[in-house]
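The next block holds one structure in the form of structure tokens; read it before the comments.
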Amino acid sequence: MKNLLALLLFFFTHSLLAQNKETVYTLQNDEQIAVYESALGVYQSRLGFAFVVENPKKNTRKYCVNKTIYETFNRKSIEHPIITNEHWGIVDTRADSNLVIFDGYRVAKYPNTKRTFDLRITKRLYGYIVYDEPSAEYNVIVNGFTYGPYINLLNYYLSPDGTNWAVSYYENVGTHYNYYIRFNDKKLLGPYTNIHDFALLNGNQWVLVAEKKEQEGKIYVAHHKGDIGFFDKKLQDKDVEIKLVHTYQNYAMNLVKEQKIYFMVNGDLFGPYDEFVKQTDLGIKPERFNYVVGKKNTLHFRDKPIAENVRKFTVSDSRNTIAVVFNDDKLQINNKTNLGVFKNIEKIDFPVGKEDFYFWAKESDNTYALYAYIEQKVTKLGSYKFSSTTTLLPDVHFAPSEKNWGFSYLNDKQESKIVVDGKEYDTNFINEVSLYAQEGKEYASWLSLEGKNIILNKVVFE
């Protein structure tokens, strides 16, 4: 009996050491976590966490960012707080003022006639829009500096690496509108009769999809190096989907030229093909991309065919490892190493900066098995039955060592769960988990609602 008590005490003590709980906020009367707002809820990153508490009766909100409370706000239109791995920000209204709080120490305050909205944060830039109601004019604020005013502002753009930014707007010219892109260095693109899409990438790279007056019925595509060309809006009698995809370094889209199908990547045209590209992976390294096209589902590296009958593929950030699922359910690495047959693989993901990956495979209705390919072998991590309302399979987060993992999901009983190394924890509507390393140890952390208390949970991996 004494040995049994000692053993139980060991496990109880170990559990206390392994999982720490800290109350970071206690809900007051009529308060609730704003998970019911479409744009609000709980947000986590390596920087920490942020959540929003609302009082529906008073129509007020508080923001909790890394245990600091910012209160009390009461804007009618609500924007979610932003928390990245480096910065965080809030836009809301307090009494007769509109406020923007960035990293807690930069506060911009405007009168209630100047509405602030659309906060965005990249690595070195933060921006938002100020609308002056008396003059009906927009200004764009980037890193505290004001640009404008614009009467007909459409959008603004921050490059991911923070090197440049731009705005899009239009002018009323008699019976039509002229559309423009203006860069922070005052370079101007336009006029156009329409702008379908525009993206800033790292460095001074950009890509534009628009229409010009001199070529009606055509799509005009340009980038930082100059014109890419004019393309057909229809293939035979059907409209062509105008869809630009991009990462920080690469951009691509299907295009039709003289009724032939091409795939454009970074300004180069590949093809012509009999069909549109079905799947692409642009990656984060410049000029290294893959795509699947054609009746034989041929996988290409750049324009070089490397495999056929491909159903799904995913590539690591380095582009050194490619996981391919073939139509016969074989899973293969780099077109040469067979890992086995897995039916109904629906999602493959590489953790950031890793050559290993995980994948979800459907076992039955709403039940999926999670597998991980680590240290050159596939391991089944468990099976989970999701809610019938689940439309996207969860992202799985791995600690830097890849020995520990976790994800969040809604189960078939409509219960929010956090899974860490196969063990499930209740969260009660709060659905996010973060895994990270700090001072030589690895941790998993998440927030849960227990009664009136919002709890910060932390597991230390030994």
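Chain identifiers are assigned as A, B, and so on, following the order in which chains appear in the structure tokens; residues are numbered from 1 within each chain, and ligands are numbered from 1 in order of appearance.
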* Quick one: residues within 12 Å of Tyr150 of chain A, only C-alpha atoms counted, chain neighbours fewer than 3 positions away excluded, as an MDAnalysis selection string? -> chainID A and resid 129:132 135:140 146:147 153:156 167:171 180 182
* Asked: Any idea what's packed within 7 Å of segment 225-242 of chain A, counting only C-alpha atoms, ignoring anything in its chain fewer than 4 positions away? Could you give it as an MDAnalysis selection string?
  -> chainID A and resid 217:221 255:259 267
* **Nearby residues (only C-alpha atoms) at most 6 Å from segment 406-422 of chain A, same-chain spacing under 5 positions excluded, as a list in words** =>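 Result of the neighbour search: Lys385, Phe386, Ser387, Val396, His397, Thr427, Asn428, Phe429, Asn431 and Glu432 of chain A.
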* Can you pull out every residue within 9 Å of Pro56 of chain A, counting only C-alpha atoms, but drop anything in the same chain fewer than 3 positions away, and send it as a ChimeraX atom specification? => /A:30-32,59-61
* When distances are computed from only C-alpha atoms, which of A:Asp96, A:Lys330, A:Gln438, A:Phe276 shows the smallest separation from Ile261 of chain A? -> A:Phe276
Got a sec: who's within 9 Å of segment 347-359 of chain A, counting only C-alpha atoms, leaving out chain neighbours fewer than 3 positions off, as a short mmCIF file (atom, residue, chain, number, x, y, z; two decimals) with N, CA and C atoms, in the first residue's frame?
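Writing done, so here's selection.cif:
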```
data_model
loop_
_atom_site.label_atom_id
_atom_site.label_comp_id
_atom_site.auth_asym_id
_atom_site.auth_seq_id
_atom_site.Cartn_x
_atom_site.Cartn_y
_atom_site.Cartn_z
N LYS A 312 -1.91 14.12 -55.49
CA LYS A 312 -1.66 15.20 -54.54
C LYS A 312 -0.16 15.25 -54.26
N PHE A 313 0.35 16.45 -54.02
CA PHE A 313 1.75 16.57 -53.65
C PHE A 313 1.95 17.80 -52.76
N THR A 314 3.02 17.78 -51.99
CA THR A 314 3.41 18.92 -51.15
C THR A 314 4.93 18.94 -51.08
N VAL A 315 5.49 20.15 -50.99
CA VAL A 315 6.94 20.32 -51.03
C VAL A 315 7.40 21.07 -49.79
N SER A 316 8.57 20.71 -49.29
CA SER A 316 9.14 21.39 -48.13
C SER A 316 9.59 22.80 -48.50
N ASP A 317 9.80 23.64 -47.49
CA ASP A 317 10.23 25.01 -47.75
C ASP A 317 11.54 25.07 -48.53
N SER A 318 12.44 24.15 -48.25
CA SER A 318 13.75 24.15 -48.91
C SER A 318 13.65 23.68 -50.36
N ARG A 319 12.54 23.04 -50.72
CA ARG A 319 12.31 22.41 -52.02
C ARG A 319 13.17 21.17 -52.21
N ASN A 320 13.78 20.68 -51.13
CA ASN A 320 14.61 19.48 -51.23
C ASN A 320 13.81 18.19 -51.07
N THR A 321 12.60 18.29 -50.53
CA THR A 321 11.78 17.10 -50.30
C THR A 321 10.39 17.33 -50.86
N ILE A 322 9.93 16.36 -51.65
CA ILE A 322 8.58 16.43 -52.20
C ILE A 322 7.85 15.13 -51.86
N ALA A 323 6.69 15.25 -51.24
CA ALA A 323 5.85 14.10 -50.91
C ALA A 323 4.75 14.01 -51.95
N ALA A 369 -7.21 9.51 -39.72
CA ALA A 369 -5.99 9.07 -39.05
C ALA A 369 -4.89 10.08 -39.32
N LEU A 370 -4.12 10.39 -38.28
CA LEU A 370 -2.99 11.30 -38.39
C LEU A 370 -1.70 10.49 -38.43
N TYR A 371 -0.87 10.76 -39.44
CA TYR A 371 0.42 10.10 -39.59
C TYR A 371 1.51 11.16 -39.64
N ALA A 372 2.72 10.76 -39.23
CA ALA A 372 3.88 11.64 -39.33
C ALA A 372 5.04 10.88 -39.96
N TYR A 373 5.71 11.54 -40.89
CA TYR A 373 6.94 10.99 -41.48
C TYR A 373 8.11 11.73 -40.83
N ILE A 374 8.74 11.06 -39.86
CA ILE A 374 9.84 11.65 -39.10
C ILE A 374 10.95 10.61 -38.97
N GLU A 375 12.19 11.07 -39.15
CA GLU A 375 13.36 10.18 -39.06
C GLU A 375 13.22 9.00 -40.02
N GLN A 376 12.75 9.31 -41.24
CA GLN A 376 12.68 8.37 -42.36
C GLN A 376 11.73 7.20 -42.13
N VAL A 378 7.26 6.30 -41.29
CA VAL A 378 5.90 6.76 -41.09
C VAL A 378 5.34 6.16 -39.80
N LEU A 393 -9.42 20.23 -42.49
CA LEU A 393 -8.67 19.41 -41.53
C LEU A 393 -7.67 20.28 -40.78
N ASP A 395 -4.49 22.02 -38.85
CA ASP A 395 -3.04 22.08 -38.95
C ASP A 395 -2.44 21.46 -37.69
N VAL A 396 -1.38 20.70 -37.88
CA VAL A 396 -0.68 20.08 -36.75
C VAL A 396 0.59 20.86 -36.51
N HIS A 397 0.83 21.22 -35.25
CA HIS A 397 2.00 22.00 -34.88
C HIS A 397 3.01 21.09 -34.19
N PHE A 398 4.27 21.19 -34.60
CA PHE A 398 5.34 20.40 -34.00
C PHE A 398 6.30 21.32 -33.26
N GLU A 402 10.61 18.18 -33.15
CA GLU A 402 9.66 17.28 -33.81
C GLU A 402 9.31 16.06 -32.96
#
```
DSSP on the backbone: what in segment 110-166 of chain A comes out strand (DSSP E or B), as a compact mmCIF listing (two decimals) with N, CA and C atoms, in the first residue's frame?
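selection.txt was written with the following content:
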```txt
# COMPACT_ATOMS: atom_id res chain seq x y z
N TYR A 110 -7.56 59.41 -32.53
CA TYR A 110 -8.25 60.28 -33.47
C TYR A 110 -9.64 60.62 -32.92
N PRO A 111 -10.18 61.79 -33.31
CA PRO A 111 -11.55 62.13 -32.89
C PRO A 111 -12.55 61.19 -33.56
N LYS A 114 -13.05 60.77 -37.32
CA LYS A 114 -12.03 60.10 -38.14
C LYS A 114 -11.99 58.62 -37.75
N ARG A 115 -12.58 57.81 -38.60
CA ARG A 115 -12.73 56.39 -38.29
C ARG A 115 -11.48 55.61 -38.71
N THR A 116 -10.94 54.82 -37.83
CA THR A 116 -9.75 54.01 -38.11
C THR A 116 -10.17 52.56 -38.35
N PHE A 117 -9.54 51.92 -39.33
CA PHE A 117 -9.89 50.52 -39.61
C PHE A 117 -8.82 49.88 -40.48
N ASP A 118 -8.96 48.57 -40.66
CA ASP A 118 -8.12 47.77 -41.56
C ASP A 118 -6.64 47.80 -41.16
N LEU A 119 -6.36 47.43 -39.92
CA LEU A 119 -4.98 47.33 -39.44
C LEU A 119 -4.30 46.12 -40.09
N ARG A 120 -3.06 46.31 -40.57
CA ARG A 120 -2.27 45.22 -41.13
C ARG A 120 -0.84 45.31 -40.59
N ILE A 121 -0.22 44.16 -40.42
CA ILE A 121 1.13 44.12 -39.86
C ILE A 121 1.97 43.13 -40.66
N TYR A 126 3.61 48.45 -40.24
CA TYR A 126 2.22 48.34 -39.83
C TYR A 126 1.45 49.49 -40.46
N GLY A 127 0.21 49.22 -40.85
CA GLY A 127 -0.57 50.24 -41.52
C GLY A 127 -2.04 50.14 -41.16
N TYR A 128 -2.76 51.22 -41.40
CA TYR A 128 -4.21 51.23 -41.23
C TYR A 128 -4.76 52.41 -42.02
N ILE A 129 -6.09 52.45 -42.10
CA ILE A 129 -6.77 53.50 -42.87
C ILE A 129 -7.52 54.42 -41.91
N VAL A 130 -7.48 55.71 -42.20
CA VAL A 130 -8.28 56.70 -41.47
C VAL A 130 -9.25 57.35 -42.45
N TYR A 131 -10.54 57.25 -42.15
CA TYR A 131 -11.56 57.88 -43.00
C TYR A 131 -12.10 59.11 -42.29
N ASP A 132 -11.92 60.27 -42.94
CA ASP A 132 -12.40 61.54 -42.39
C ASP A 132 -13.82 61.79 -42.89
N GLU A 137 -12.74 61.72 -47.11
CA GLU A 137 -11.43 61.38 -47.66
C GLU A 137 -10.76 60.31 -46.81
N TYR A 138 -9.90 59.53 -47.49
CA TYR A 138 -9.15 58.46 -46.83
C TYR A 138 -7.67 58.83 -46.77
N ASN A 139 -7.05 58.50 -45.65
CA ASN A 139 -5.60 58.55 -45.54
C ASN A 139 -5.09 57.17 -45.13
N VAL A 140 -3.93 56.82 -45.65
CA VAL A 140 -3.28 55.57 -45.27
C VAL A 140 -2.11 55.91 -44.35
N ILE A 141 -2.08 55.26 -43.19
CA ILE A 141 -1.01 55.48 -42.21
C ILE A 141 -0.09 54.27 -42.23
N VAL A 142 1.18 54.48 -42.52
CA VAL A 142 2.17 53.41 -42.55
C VAL A 142 3.32 53.78 -41.62
N PHE A 145 3.40 57.38 -40.41
CA PHE A 145 3.40 58.48 -41.38
C PHE A 145 2.12 58.45 -42.20
N THR A 146 1.59 59.65 -42.50
CA THR A 146 0.32 59.78 -43.20
C THR A 146 0.53 60.00 -44.69
N TYR A 147 -0.24 59.26 -45.50
CA TYR A 147 -0.18 59.39 -46.96
C TYR A 147 -1.61 59.56 -47.49
N GLY A 148 -1.77 60.49 -48.39
CA GLY A 148 -3.09 60.78 -48.92
C GLY A 148 -3.28 62.29 -49.00
N PRO A 149 -4.53 62.80 -49.05
CA PRO A 149 -5.76 61.99 -48.97
C PRO A 149 -6.17 61.40 -50.30
N TYR A 150 -7.01 60.35 -50.22
CA TYR A 150 -7.59 59.71 -51.40
C TYR A 150 -9.11 59.76 -51.27
N LEU A 153 -10.35 55.52 -52.38
CA LEU A 153 -9.35 54.50 -52.06
C LEU A 153 -9.97 53.11 -52.21
N LEU A 154 -9.25 52.21 -52.87
CA LEU A 154 -9.70 50.83 -53.03
C LEU A 154 -9.05 49.89 -52.04
N ASN A 155 -7.72 50.00 -51.93
CA ASN A 155 -7.00 49.05 -51.08
C ASN A 155 -5.60 49.60 -50.83
N TYR A 156 -4.91 48.99 -49.87
CA TYR A 156 -3.49 49.30 -49.69
C TYR A 156 -2.75 48.00 -49.43
N TYR A 157 -1.44 48.01 -49.67
CA TYR A 157 -0.65 46.78 -49.69
C TYR A 157 0.68 47.02 -48.97
N LEU A 158 1.07 46.06 -48.14
CA LEU A 158 2.37 46.10 -47.46
C LEU A 158 3.17 44.90 -47.92
N TRP A 165 5.45 49.63 -49.98
CA TRP A 165 4.00 49.52 -49.87
C TRP A 165 3.38 50.29 -51.02
N ALA A 166 2.06 50.11 -51.21
CA ALA A 166 1.36 50.75 -52.34
C ALA A 166 -0.12 50.89 -52.00
```
* Asked: Which polymer residues have any atom within 7 Å of an atom of Gln249 of chain A, counting only C-alpha atoms, with same-chain residues fewer than 5 positions away left out, as a list in words?
  -> Leu201, Asn202, Ile284, Lys285 and Pro286 of chain A
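Nearest residue to Asn453 of chain A among A:Thr175, A:Thr298, A:Gln28, A:Gln332 is A:Gln28, counting only C-alpha atoms.
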* To do: Would you mind listing what lies within 10 Å of Asn297 of chain A as a VMD selection string, with only C-alpha atoms counted and same-chain residues fewer than 2 positions away left out?
  => chain A and resid 277 to 279 291 to 295 299 to 300 307 to 312 326 to 327
How about saving the chosen residues, N, CA and C atoms kept, as a PDB file, in the first residue's frame?
```pdb
ATOM      1  N   VAL A 277      -3.765  24.207 -65.200  1.00  0.00           N
ATOM      2  CA  VAL A 277      -3.017  23.606 -64.091  1.00  0.00           C
ATOM      3  C   VAL A 277      -3.965  23.345 -62.931  1.00  0.00           C
ATOM      4  N   LYS A 278      -3.884  22.134 -62.351  1.00  0.00           N
ATOM      5  CA  LYS A 278      -4.821  21.713 -61.315  1.00  0.00           C
ATOM      6  C   LYS A 278      -4.303  21.979 -59.904  1.00  0.00           C
ATOM      7  N   GLN A 279      -3.008  21.842 -59.732  1.00  0.00           N
ATOM      8  CA  GLN A 279      -2.427  22.051 -58.410  1.00  0.00           C
ATOM      9  C   GLN A 279      -1.043  22.648 -58.571  1.00  0.00           C
ATOM     10  N   TYR A 291       4.029  21.994 -60.302  1.00  0.00           N
ATOM     11  CA  TYR A 291       2.609  22.038 -60.614  1.00  0.00           C
ATOM     12  C   TYR A 291       2.203  20.741 -61.315  1.00  0.00           C
ATOM     13  N   VAL A 292       0.885  20.468 -61.273  1.00  0.00           N
ATOM     14  CA  VAL A 292       0.303  19.282 -61.916  1.00  0.00           C
ATOM     15  C   VAL A 292      -0.643  19.752 -63.015  1.00  0.00           C
ATOM     16  N   VAL A 293      -0.512  19.141 -64.215  1.00  0.00           N
ATOM     17  CA  VAL A 293      -1.338  19.561 -65.346  1.00  0.00           C
ATOM     18  C   VAL A 293      -1.538  18.374 -66.282  1.00  0.00           C
ATOM     19  N   GLY A 294      -2.643  18.404 -67.047  1.00  0.00           N
ATOM     20  CA  GLY A 294      -2.867  17.428 -68.111  1.00  0.00           C
ATOM     21  C   GLY A 294      -3.709  16.239 -67.700  1.00  0.00           C
ATOM     22  N   LYS A 295      -4.173  15.500 -68.687  1.00  0.00           N
ATOM     23  CA  LYS A 295      -5.023  14.336 -68.450  1.00  0.00           C
ATOM     24  C   LYS A 295      -4.292  13.226 -67.698  1.00  0.00           C
ATOM     25  N   LEU A 299       3.200  15.763 -62.957  1.00  0.00           N
ATOM     26  CA  LEU A 299       3.860  16.668 -62.024  1.00  0.00           C
ATOM     27  C   LEU A 299       5.109  17.242 -62.683  1.00  0.00           C
ATOM     28  N   HIS A 300       5.249  18.575 -62.594  1.00  0.00           N
ATOM     29  CA  HIS A 300       6.394  19.264 -63.170  1.00  0.00           C
ATOM     30  C   HIS A 300       7.229  19.921 -62.069  1.00  0.00           C
ATOM     31  N   ALA A 307       6.809  13.183 -62.981  1.00  0.00           N
ATOM     32  CA  ALA A 307       5.990  12.041 -62.568  1.00  0.00           C
ATOM     33  C   ALA A 307       4.604  12.177 -63.178  1.00  0.00           C
ATOM     34  N   GLU A 308       3.908  11.015 -63.335  1.00  0.00           N
ATOM     35  CA  GLU A 308       2.548  11.006 -63.855  1.00  0.00           C
ATOM     36  C   GLU A 308       1.599  10.349 -62.854  1.00  0.00           C
ATOM     37  N   ASN A 309       0.297  10.505 -63.128  1.00  0.00           N
ATOM     38  CA  ASN A 309      -0.751   9.932 -62.273  1.00  0.00           C
ATOM     39  C   ASN A 309      -0.650  10.418 -60.837  1.00  0.00           C
ATOM     40  N   VAL A 310      -0.384  11.707 -60.683  1.00  0.00           N
ATOM     41  CA  VAL A 310      -0.227  12.306 -59.357  1.00  0.00           C
ATOM     42  C   VAL A 310      -1.569  12.844 -58.882  1.00  0.00           C
ATOM     43  N   ARG A 311      -1.979  12.417 -57.699  1.00  0.00           N
ATOM     44  CA  ARG A 311      -3.239  12.901 -57.130  1.00  0.00           C
ATOM     45  C   ARG A 311      -3.034  14.095 -56.220  1.00  0.00           C
ATOM     46  N   LYS A 312      -1.913  14.118 -55.495  1.00  0.00           N
ATOM     47  CA  LYS A 312      -1.656  15.197 -54.541  1.00  0.00           C
ATOM     48  C   LYS A 312      -0.163  15.251 -54.262  1.00  0.00           C
ATOM     49  N   PHE A 326       0.100   9.132 -55.387  1.00  0.00           N
ATOM     50  CA  PHE A 326      -0.293   8.748 -56.734  1.00  0.00           C
ATOM     51  C   PHE A 326      -1.746   8.254 -56.744  1.00  0.00           C
ATOM     52  N   ASN A 327      -2.291   8.101 -57.937  1.00  0.00           N
ATOM     53  CA  ASN A 327      -3.688   7.678 -58.055  1.00  0.00           C
ATOM     54  C   ASN A 327      -3.947   6.294 -57.477  1.00  0.00           C
TER      55      ASN A 327
END
```
* Asked: Taking into account only C-alpha atoms, which residue in the set A:Phe102, A:Ile454, A:Asn164, A:Leu447 is nearest to Lys186 of chain A?
  ->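 With only C-alpha atoms as the atom set, the closest residue is A:Asn164.
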* Pick from A:Val245, A:Lys452, A:Tyr179, A:Ile78 nearest to Asn29 of chain A, counting only C-alpha atoms ->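 Once distances to Asn29 of chain A are computed over only C-alpha atoms, the minimum belongs to A:Lys452.
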* **Minimum-distance residue to Gly89 of chain A, chosen among A:Asn335, A:Leu125, A:Asp274, A:Arg75 (using only C-alpha atoms)** =>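 Closest residue, counting only C-alpha atoms: A:Leu125.
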